[in-house]
Structure formats: C-alpha cells, structure tokens
$ cat model-v3.txt   # compact mmCIF, C-alpha atoms
# COMPACT_ATOMS: atom_id res chain seq x y z
CA MET A 50 79.92 96.50 104.94
CA LEU A 51 83.53 96.29 106.10
CA HIS A 52 84.80 98.39 108.99
CA ILE A 53 88.55 98.88 109.28
CA VAL A 54 89.95 100.10 112.59
CA ASN A 55 93.55 101.29 113.00
CA LYS A 56 93.45 102.81 116.48
CA SER A 57 94.19 101.21 119.83
CA PRO A 58 90.92 101.02 121.80
CA PHE A 59 92.87 102.30 124.81
CA ASP A 60 93.86 105.50 123.02
CA ARG A 61 90.89 106.56 120.89
CA ASN A 62 87.19 105.82 120.58
CA SER A 63 87.37 104.57 116.96
CA LEU A 64 86.69 100.93 117.84
CA GLN A 65 83.98 101.91 120.32
CA SER A 66 82.16 103.89 117.61
CA CYS A 67 82.69 101.09 115.12
CA LEU A 68 81.14 98.55 117.50
CA ARG A 69 78.22 100.88 118.18
CA LEU A 70 77.46 101.33 114.48
CA ALA A 71 78.34 97.91 113.06
CA GLN A 72 75.32 95.92 111.93
CA PRO A 73 74.85 92.17 112.13
CA ASN A 74 76.79 90.39 109.35
CA ASP A 75 79.21 93.31 108.90
CA ALA A 76 82.91 92.51 109.05
CA ILE A 77 85.50 94.33 111.15
CA LEU A 78 89.23 94.31 110.42
CA MET A 79 91.71 95.53 113.04
CA TYR A 80 95.08 96.73 111.69
CA GLU A 81 97.94 99.05 112.68
CA ASP A 82 97.43 99.99 116.37
CA GLY A 83 93.90 98.61 116.09
CA ILE A 84 95.27 95.08 116.52
CA TYR A 85 95.57 95.50 120.31
CA ALA A 86 91.81 94.98 120.60
CA ALA A 87 92.09 91.45 119.25
CA PHE A 88 93.89 89.88 122.22
CA LYS A 89 92.74 88.06 125.32
CA GLY A 90 92.87 89.55 128.77
CA THR A 91 92.01 93.19 128.06
CA VAL A 92 89.21 95.30 129.53
CA ILE A 93 87.43 95.31 126.18
CA GLU A 94 87.51 91.57 125.61
CA ASN A 95 83.84 91.29 126.64
CA ASP A 96 82.81 93.89 124.04
CA ILE A 97 84.70 91.94 121.42
CA GLN A 98 83.02 88.69 122.50
CA THR A 99 79.60 90.34 122.18
CA THR A 100 80.48 91.67 118.72
CA LEU A 101 81.70 88.25 117.60
CA SER A 102 78.21 86.89 118.05
CA LYS A 103 76.93 89.17 115.28
CA CYS A 104 79.93 90.24 113.16
CA LYS A 105 82.95 88.55 111.62
CA MET A 106 86.19 89.94 113.02
CA TYR A 107 89.67 89.89 111.51
CA VAL A 108 93.12 91.05 112.61
CA LEU A 109 96.06 91.85 110.31
CA LYS A 110 98.90 89.44 111.05
CA PRO A 111 101.89 91.56 109.87
CA ASP A 112 100.69 94.34 112.20
CA PHE A 113 100.34 92.18 115.30
CA GLU A 114 103.56 90.28 114.62
CA ALA A 115 105.42 93.59 114.28
CA ARG A 116 104.07 94.59 117.69
CA GLY A 117 105.22 91.42 119.42
CA MET A 118 101.75 90.01 119.90
CA ASN A 119 101.28 86.26 119.84
CA GLU A 120 98.77 84.60 117.52
CA GLY A 121 97.98 82.11 120.29
CA ASN A 122 96.51 84.94 122.36
CA VAL A 123 94.11 86.20 119.71
CA ILE A 124 90.54 85.99 121.03
CA PRO A 125 89.02 82.78 119.59
CA GLY A 126 86.71 83.61 116.70
CA ILE A 127 88.89 86.42 115.37
CA GLN A 128 90.62 85.33 112.19
CA SER A 129 94.14 86.44 111.45
CA VAL A 130 94.68 87.69 107.86
CA SER A 131 97.44 88.77 105.46
CA TYR A 132 97.46 91.92 103.29
CA SER A 133 96.23 89.73 100.45
CA GLU A 134 93.28 88.59 102.56
CA PHE A 135 92.68 92.22 103.60
CA VAL A 136 92.20 92.91 99.87
CA ASP A 137 89.81 89.94 99.62
CA LEU A 138 87.71 91.38 102.47
CA THR A 139 87.35 94.71 100.64
CA VAL A 140 86.21 92.80 97.57
CA GLN A 141 83.71 90.76 99.55
CA TYR A 142 82.18 93.68 101.48
CA SER A 143 80.96 97.14 100.46
CA PRO A 144 81.20 99.92 101.40
CA VAL A 145 84.40 100.13 103.42
CA GLN A 146 84.42 102.52 106.38
CA ALA A 147 87.78 103.49 107.88
CA TRP A 148 87.39 104.38 111.56
CA LEU A 149 90.39 106.69 111.72
CA MET B 748 88.02 94.81 90.74
CA LYS B 749 88.91 98.49 90.51
CA PHE B 750 90.21 100.28 93.61
CA GLY B 751 90.74 103.90 94.55
CA ILE B 752 93.18 104.54 97.40
CA LEU B 753 93.27 107.67 99.57
CA VAL B 754 96.37 108.41 101.67
CA ASN B 755 95.87 111.12 104.27
CA GLU B 756 99.14 111.08 106.23
CA GLY B 757 102.77 111.79 105.43
CA PRO B 758 105.56 109.22 105.39
CA TYR B 759 107.35 108.06 108.55
CA GLN B 760 105.14 109.91 111.08
CA HIS B 761 102.23 107.53 110.69
CA GLN B 762 101.80 104.01 109.29
CA ALA B 763 99.03 105.08 106.89
CA SER B 764 101.26 105.37 103.82
CA ASP B 765 102.92 102.01 104.61
CA SER B 766 99.56 100.27 105.01
CA ALA B 767 98.26 101.87 101.82
CA TYR B 768 101.38 100.71 99.98
CA HIS B 769 101.12 97.11 101.19
CA PHE B 770 97.41 97.03 100.41
CA THR B 771 97.95 98.50 96.93
CA LYS B 772 100.79 96.08 96.17
CA ALA B 773 98.76 93.10 97.38
CA ALA B 774 95.77 94.17 95.27
CA LEU B 775 97.93 94.57 92.16
CA GLU B 776 99.60 91.21 92.72
CA LYS B 777 96.16 89.61 92.87
CA GLY B 778 95.35 91.10 89.47
CA HIS B 779 93.10 93.93 90.67
CA GLU B 780 93.26 97.35 89.08
CA ILE B 781 94.23 100.48 91.02
CA PHE B 782 92.38 103.33 89.34
CA ARG B 783 94.30 105.96 91.30
CA VAL B 784 96.15 106.63 94.55
CA PHE B 785 95.25 110.08 95.83
CA PHE B 786 97.41 111.86 98.42
CA TYR B 787 95.64 114.43 100.57
CA HIS B 788 96.31 116.43 103.79
CA ASP B 789 99.89 115.66 104.98
CA GLY B 790 99.74 112.68 102.62
CA VAL B 791 101.11 115.00 99.91
CA ASN B 792 104.50 114.71 101.66
CA ASN B 793 104.72 111.20 100.20
CA GLY B 794 105.43 112.95 96.90
CA THR B 795 108.71 114.75 97.61
CA ARG B 796 111.86 113.45 95.91
CA LEU B 797 114.13 115.16 98.45
CA THR B 798 113.83 112.72 101.34
CA VAL B 799 117.00 110.95 102.47
CA PRO B 800 115.99 108.23 104.95
CA PRO B 801 118.74 106.24 106.72
CA GLN B 802 119.98 103.23 104.74
CA ASP B 803 118.56 100.71 107.16
CA ASP B 804 115.04 102.15 106.82
CA ARG B 805 112.53 101.72 104.02
CA ASN B 806 112.31 104.47 101.43
CA VAL B 807 108.60 105.25 101.43
CA ILE B 808 108.73 107.69 98.54
CA ASN B 809 110.90 105.55 96.23
CA ARG B 810 108.73 102.56 97.01
CA TRP B 811 105.67 104.40 95.65
CA SER B 812 107.63 105.66 92.62
CA GLU B 813 108.84 102.15 91.82
CA LEU B 814 105.38 100.64 92.22
CA ALA B 815 104.02 103.35 89.93
CA LYS B 816 106.64 102.51 87.31
CA GLN B 817 106.07 98.77 87.55
CA TYR B 818 102.27 98.94 87.30
CA ASN B 819 101.78 102.27 85.52
CA LEU B 820 99.98 103.61 88.61
CA ASP B 821 98.34 107.02 88.72
CA LEU B 822 99.72 108.73 91.85
CA VAL B 823 98.00 112.07 92.35
CA VAL B 824 98.96 114.71 94.90
CA CYS B 825 96.26 117.22 95.88
CA ILE B 826 97.30 120.61 94.55
CA ALA B 827 95.88 122.78 97.35
CA ALA B 828 97.34 120.56 100.09
CA ALA B 829 100.65 120.37 98.19
CA GLN B 830 100.97 124.11 97.73
CA ARG B 831 100.36 124.67 101.44
CA ARG B 832 103.15 122.23 102.25
CA GLY B 833 105.72 123.11 99.61
CA ILE B 834 105.34 120.17 97.26
CA LEU B 835 105.74 121.55 93.73
CA ASP B 836 106.33 120.22 90.25
CA GLU B 837 108.42 122.12 87.72
CA ASN B 838 105.50 123.99 86.16
CA GLU B 839 103.99 124.96 89.48
CA ALA B 840 107.38 126.16 90.79
CA LYS B 841 107.75 128.41 87.75
CA ARG B 842 104.22 129.69 88.04
CA GLN B 843 104.67 130.53 91.72
CA GLY B 844 108.13 132.06 91.21
CA LYS B 845 109.88 129.44 93.36
CA ASP B 846 113.52 128.50 92.80
CA ALA B 847 113.06 124.74 93.17
CA TYR B 848 110.62 121.91 92.69
CA ASN B 849 110.52 118.55 94.40
CA LEU B 850 107.79 116.30 93.04
CA ALA B 851 109.01 112.70 92.97
CA ASP B 852 108.99 110.41 89.91
CA GLY B 853 105.66 108.82 89.13
CA PHE B 854 103.59 111.45 90.96
CA ARG B 855 101.53 114.22 89.42
CA ILE B 856 99.78 117.20 90.97
CA SER B 857 96.09 117.77 90.37
CA GLY B 858 92.85 118.88 91.99
CA LEU B 859 90.42 117.33 94.44
CA GLY B 860 88.14 116.45 91.55
CA GLN B 861 90.53 113.55 90.94
CA LEU B 862 89.58 112.11 94.32
CA ILE B 863 85.87 112.34 93.56
CA GLU B 864 86.48 110.79 90.16
CA ALA B 865 88.35 107.93 91.86
CA GLY B 866 85.29 107.40 94.07
CA ILE B 867 83.01 107.34 91.06
CA GLN B 868 85.16 105.17 88.79
CA SER B 869 86.38 102.64 91.36
CA ASP B 870 84.41 99.74 92.79
CA ARG B 871 85.92 100.47 96.21
CA LEU B 872 87.54 103.53 97.75
CA ILE B 873 89.81 102.65 100.66
CA VAL B 874 90.93 105.41 103.04
CA PHE B 875 94.24 105.22 104.92
CA GLY B 876 94.81 107.91 107.53
CA ASP B 877 95.00 108.94 111.16
CA MET C 818 84.13 117.16 84.66
CA GLU C 819 80.85 115.42 85.21
CA GLU C 820 81.12 111.69 84.73
CA SER C 821 78.68 109.58 82.83
CA GLY C 822 77.13 106.49 84.34
CA ALA C 823 75.12 105.75 87.42
CA ILE C 824 74.90 108.19 90.29
CA LYS C 825 76.78 106.98 93.33
CA LYS C 826 76.03 107.59 96.96
CA PHE C 827 78.84 109.46 98.71
CA MET C 828 78.85 109.92 102.45
CA TYR C 829 81.31 112.23 104.17
CA LEU C 830 81.70 110.88 107.68
CA ASN C 831 83.19 113.53 109.94
CA ARG C 832 84.53 112.45 113.32
CA LYS C 833 87.07 115.15 114.18
CA ALA C 834 86.74 118.51 115.89
CA PRO C 835 87.66 121.63 113.89
CA TYR C 836 90.95 123.63 114.11
CA GLY C 837 92.95 121.16 116.25
CA THR C 838 93.60 119.27 113.02
CA ILE C 839 92.89 120.16 109.41
CA TYR C 840 90.55 117.26 108.62
CA ALA C 841 87.26 119.13 109.18
CA LEU C 842 88.25 121.94 106.84
CA GLU C 843 89.59 119.63 104.15
CA SER C 844 86.53 117.39 104.32
CA LEU C 845 84.43 120.42 103.53
CA GLU C 846 86.74 121.25 100.60
CA VAL C 847 86.08 117.81 99.11
CA VAL C 848 82.34 118.24 99.61
CA LEU C 849 82.37 121.55 97.71
CA ILE C 850 84.47 120.21 94.83
CA GLY C 851 82.43 117.01 94.78
CA ALA C 852 79.20 118.97 94.40
CA ALA C 853 80.10 119.59 90.73
CA PHE C 854 79.94 115.86 90.02
CA ASP C 855 76.20 115.44 90.58
CA GLN C 856 76.43 112.47 92.90
CA GLU C 857 74.08 111.73 95.79
CA VAL C 858 75.84 113.35 98.73
CA SER C 859 75.28 113.25 102.48
CA LEU C 860 77.31 114.46 105.44
CA ALA C 861 77.32 112.67 108.77
CA PHE C 862 78.70 114.11 111.98
CA VAL C 863 79.73 111.55 114.57
CA ASP C 864 81.92 111.64 117.70
CA ASP C 865 83.89 114.92 117.88
CA GLY C 866 82.73 115.69 114.34
CA VAL C 867 79.57 117.20 115.85
CA TYR C 868 81.72 120.08 117.13
CA GLN C 869 82.30 121.17 113.53
CA LEU C 870 78.73 122.46 113.44
CA LYS C 871 78.85 124.44 116.70
CA LYS C 872 77.57 127.94 116.04
CA ASP C 873 79.34 131.15 117.18
CA GLN C 874 82.81 130.05 116.08
CA LYS C 875 84.93 133.15 116.27
CA THR C 876 88.35 133.32 114.63
CA THR C 877 89.86 134.92 111.52
CA VAL C 878 93.25 134.87 109.85
CA ASN C 879 93.99 138.15 111.67
CA SER C 880 92.40 137.51 115.03
CA GLY C 881 91.82 134.82 117.60
CA ILE C 882 93.79 131.70 116.73
CA GLY C 883 94.70 133.10 113.33
CA MET C 884 92.71 130.59 111.34
CA LYS C 885 89.74 131.23 109.11
CA ASP C 886 86.32 130.40 110.57
CA PHE C 887 85.05 127.97 107.94
CA SER C 888 81.88 127.01 109.79
CA LYS C 889 79.88 129.53 107.73
CA THR C 890 80.57 127.38 104.68
CA TYR C 891 78.13 124.77 106.06
CA ARG C 892 75.42 127.37 105.50
CA ALA C 893 76.40 127.58 101.83
CA LEU C 894 75.93 123.85 101.25
CA GLU C 895 72.26 124.43 100.49
CA ASP C 896 73.28 126.41 97.41
CA TYR C 897 75.07 123.31 96.17
CA ASP C 898 71.95 121.19 96.68
CA ILE C 899 73.55 119.41 99.60
CA ASP C 900 70.86 119.16 102.23
CA LYS C 901 71.43 115.79 103.83
CA LEU C 902 73.27 116.64 107.03
CA TYR C 903 72.99 114.02 109.75
CA VAL C 904 74.09 114.28 113.36
CA GLU C 905 74.26 111.14 115.47
CA LYS C 906 72.10 111.83 118.52
CA ARG C 907 74.31 109.87 120.87
CA SER C 908 77.47 111.75 119.88
CA MET C 909 75.65 115.07 120.25
CA GLU C 910 74.19 114.29 123.66
CA ALA C 911 77.42 112.82 124.99
CA ARG C 912 79.03 116.20 124.32
CA GLY C 913 76.31 118.25 125.98
CA LEU C 914 75.13 119.72 122.70
CA ARG C 915 71.59 120.32 121.53
CA GLU C 916 70.03 120.88 118.13
CA GLU C 917 69.92 124.65 118.68
CA ASP C 918 73.70 124.73 119.12
CA PHE C 919 74.27 124.02 115.43
CA ILE C 920 74.97 126.59 112.73
CA VAL C 921 72.70 124.88 110.19
CA PRO C 922 69.56 122.77 110.31
CA VAL C 923 70.46 119.09 110.62
CA GLN C 924 68.64 115.80 110.99
CA ILE C 925 69.31 114.25 114.37
CA ILE C 926 69.30 110.50 113.96
CA ASP C 927 69.88 107.57 116.26
CA SER C 928 72.74 105.12 115.84
CA ALA C 929 70.62 102.46 114.14
CA GLN C 930 69.45 104.98 111.53
CA LEU C 931 73.04 106.04 110.90
CA SER C 932 74.13 102.41 110.53
CA ALA C 933 71.40 101.84 107.97
CA LEU C 934 72.43 104.96 106.02
CA MET C 935 76.08 103.95 106.03
CA ALA C 936 75.21 100.51 104.70
CA GLN C 937 73.47 102.11 101.68
CA GLN C 938 76.54 104.06 100.54
CA ASP C 939 78.81 103.35 97.59
CA VAL C 940 81.63 105.46 99.00
CA ILE C 941 82.30 106.59 102.55
CA LEU C 942 84.95 109.28 102.82
CA SER C 943 85.96 109.32 106.44
CA PHE C 944 87.88 112.21 107.93

$ encode --input "model-v3.txt" --output "structure tokens"
Amino acid sequence: MLHIVNKSPFDRNSLQSCLRLAQPNDAILMYEDGIYAAFKGTVIENDIQTTLSKCKMYVLKPDFEARGMNEGNVIPGIQSVSYSEFVDLTVQYSPVQAWL
Amino acid sequence: MKFGILVNEGPYQHQASDSAYHFTKAALEKGHEIFRVFFYHDGVNNGTRLTVPPQDDRNVINRWSELAKQYNLDLVVCIAAAQRRGILDENEAKRQGKDAYNLADGFRISGLGQLIEAGIQSDRLIVFGD
Amino acid sequence: MEESGAIKKFMYLNRKAPYGTIYALESLEVVLIGAAFDQEVSLAFVDDGVYQLKKDQKTTVNSGIGMKDFSKTYRALEDYDIDKLYVEKRSMEARGLREEDFIVPVQIIDSAQLSALMAQQDVILSF
C-alpha cells in the first residue's frame, strides 16, 4: 500500500504512526508539510534511515521547493517526485492511506 | 484508472484543496478518469462563487470550476456540511427560505452517499485533508 | 442506491479526538450512510481516535459544551451490521485507557494486526 504523509514530524505524530504501521515493501510519500522529514540533519533522520531499509520513500518536489528546501539535502534513498509521479504511485500501490 | 478524490478542508486555510487540484489535474493530463471530487467538512467552502481573492493570488474556486468545465468533472459538495456552513444552490436557498445562494459553477450539492459511491466505483480513493 | 458488482472493503481509520474538531462526528455520519451500500465495513481507532470511544461523555446542545454527545451512536452500529471495531493496543495504552473505558465492545489489536488489516482494504477513509 501507499502511505501519504502531509504533516511535519515535528508538529504531529502522523509520520510516527505511519512508520509504525507501514509494512515491508509499502511506499511512503511525503508532501505538503510532510516534506520536512525527508532532509538530512534532523532528529528523525535515523527513523527514516531504518524505514528506507524496508520501504520505498518519496518526497514531492513542488512542496519542498516551495519551502526553500534543497534537493541536495534530501536523505539518500528518498526519491523526489512530481505531481505526475505522485499519480503514478497511487496507480502502482493500493490502498492509499492518508496520514492526516 | 478511475479515481475518486475527497477534499476535507476549505480553500486558503490549508493546502489540501491545492494538493487535490494539482493531483486531479495531473491525473487527468495522464489520461486517467476522475469519477468524482467530493467536498466534505470545511471542504464545502471550495464551492462558493462569492470569494474575491487578491489578484496576485490563485483563485482556488475558479480553478476547480474551470477544470470541471474542461474535463466535465463531477464536483460534489456534501449537503449536510454545506448547509451547516451556508453553501447553498438556488433550489436549496428557496427551500430553506434564504435570500441568496452561492454555489459556484461546475459544483453540485448532494448527499454523503455520493462519497461512498465514489469509493465503490473508483479504483482508488485519495483523501486530501488536515 | 445499492451498487451492483463486487463488495469492497471499506475501512474508516479514525485518528482524531472528538469535539475539538468535527472529524470524529462526520466520520460516523459517513459510516451510517455507507451502511446502506452493503460493503464490508470496519472501523479502526488509532492515535487520538481512541478517545472517540471513551464512555461517560457528557454534553448536549443545551448543556456542557453545547454540542451533541454522539458517542451513543457507536452503540447503534450493531443495528447496521457493523461489528468490526478495532482499537490499536499501543494507541490505547499510550493514552492510559483500558478496554473497560470504551462505550462499545471492541477488538484490541496490536500494530502488526492493524497493518495487515489495512493492507487488505480497497478503500481507507481516514479522518
């Protein structure tokens, strides 16, 4: 399945719950304020690293560009995607759970 | 593939409606079908034609109306949520004895059953909210 | 308005506390309307969503916070043949709640069981 997370991990527990309930081979897309989890140097980087060993992770480029975040600082292994590729992910995976 | 889209937040306060719009547009441009976009909770506020955003800002409501026109989209506003928040079409305004209505072009008002139907008929239901 | 075709699995995933925002109430509204469509329905309560089921909620339109106590509606779900109510154990325990704190009988499940259930769904409506 595909998990989509739109909350900053420093504000809400949406990502935390997503990581707890994601199964191996699930995919996780971070968008809106959720993108802040995708960058190096944060206190949750280790959790992201652990998740990357079992799940594919994606971050929505228009959302992180809007927020002044640099693609070069995305944690290696997380793939940056467009809205069009966001659509592709929802086609590829089912069901889709929005961690609001 | 056939998609159902659920929008749970109003325009401008939260990015949900923007994200839903960009997703919907991208899906349509890729040749997918959007079975329905359903507006629930404060999301019904995406369906008022009376907004006047500043000229240098996007017009969230018109954007939906135009997309609906271009692709013959079914934009449905939840009736119970709409009535609570003062979003009315002409018929509903008459029925409730109100002196005005404000439903924007391309939107229609209907019940929650339309959301369930979107879940049943679509291959994917994508929720945008807060 | 019943639809023909295969029965789909719908999960309502509730993660928000009641009253502070409208999501808990409106999730329940969808569940009740959805019951007429004869789909396979389950409700999951995760994170603050477990607070929705707390018994002894006391408020009416004319007293307390001036909002209707809708928690009694969970008791009516049985009449709609909706009997799959799942509470994530970890969310419940983290909030100091126990099974006897809930207004209706629920199945307490661990996170792995919930993950497996989620993966089986056709539609997850998250509020």

$ interface_residues --input "model-v3.txt" --of "chain A" --to "chain B" --cutoff "10 Å" --atoms "all atoms listed in the file" --output "list in words"
Ile53, Asn55, Lys56, Tyr80, Glu81, Asp82, Asp112, Ser131, Tyr132, Ser133, Glu134, Phe135, Val136, Asp137, Thr139, Val140, Tyr142, Ser143, Pro144, Val145, Gln146, Ala147, Trp148 and Leu149 of chain A

$ interface_residues --input "model-v3.txt" --of "chain C" --to "chain B" --cutoff "7 Å" --atoms "all atoms listed in the file" --output "number ranges by chain"
C: 825, 847, 850-851, 940

$ residues_around --input "model-v3.txt" --residues "region 62-78 of chain A" --least-positions-apart "2" --cutoff "8 Å" --atoms "only C-alpha atoms" --output "ChimeraX atom specification"
/A:50-54,56-60,80,83,100,103-109,135,142,148-149 /C:864,928-929,931-932

$ interface_residues --input "model-v3.txt" --of "chain C" --to "chain A" --cutoff "10 Å" --atoms "only C-alpha atoms" --output "VMD selection string"
chain C and resid 830 832 to 833 863 to 864 908 927 to 933 935 to 944

$ atom_distance --input "model-v3.txt" --atom1 "CA of Leu822 (chain B)" --atom2 "CA of Phe854 (chain B)"
4.8 Å

$ closest_residue --input "model-v3.txt" --among "C:Gly881, C:Thr890, C:Ile824, C:Thr876" --to "Val848 (chain C)" --atoms "all atoms listed in the file"
C:Thr890

$ atom_distance --input "model-v3.txt" --atom1 "CA of Ile826 (chain B)" --atom2 "CA of Glu839 (chain B)"
9.5 Å

$ axis_aligned_box --input "model-v3.txt" --around "region 860-876 of chain C" --padding-each-side "4 Å" --output "JSON"
{"center_x": 82.8, "center_y": 122.4, "center_z": 111.7, "size_x": 19.0, "size_y": 29.8, "size_z": 20.4}

$ atom_distance --input "model-v3.txt" --atom1 "CA of Phe827 (chain C)" --atom2 "CA of Glu917 (chain C)"
26.6 Å
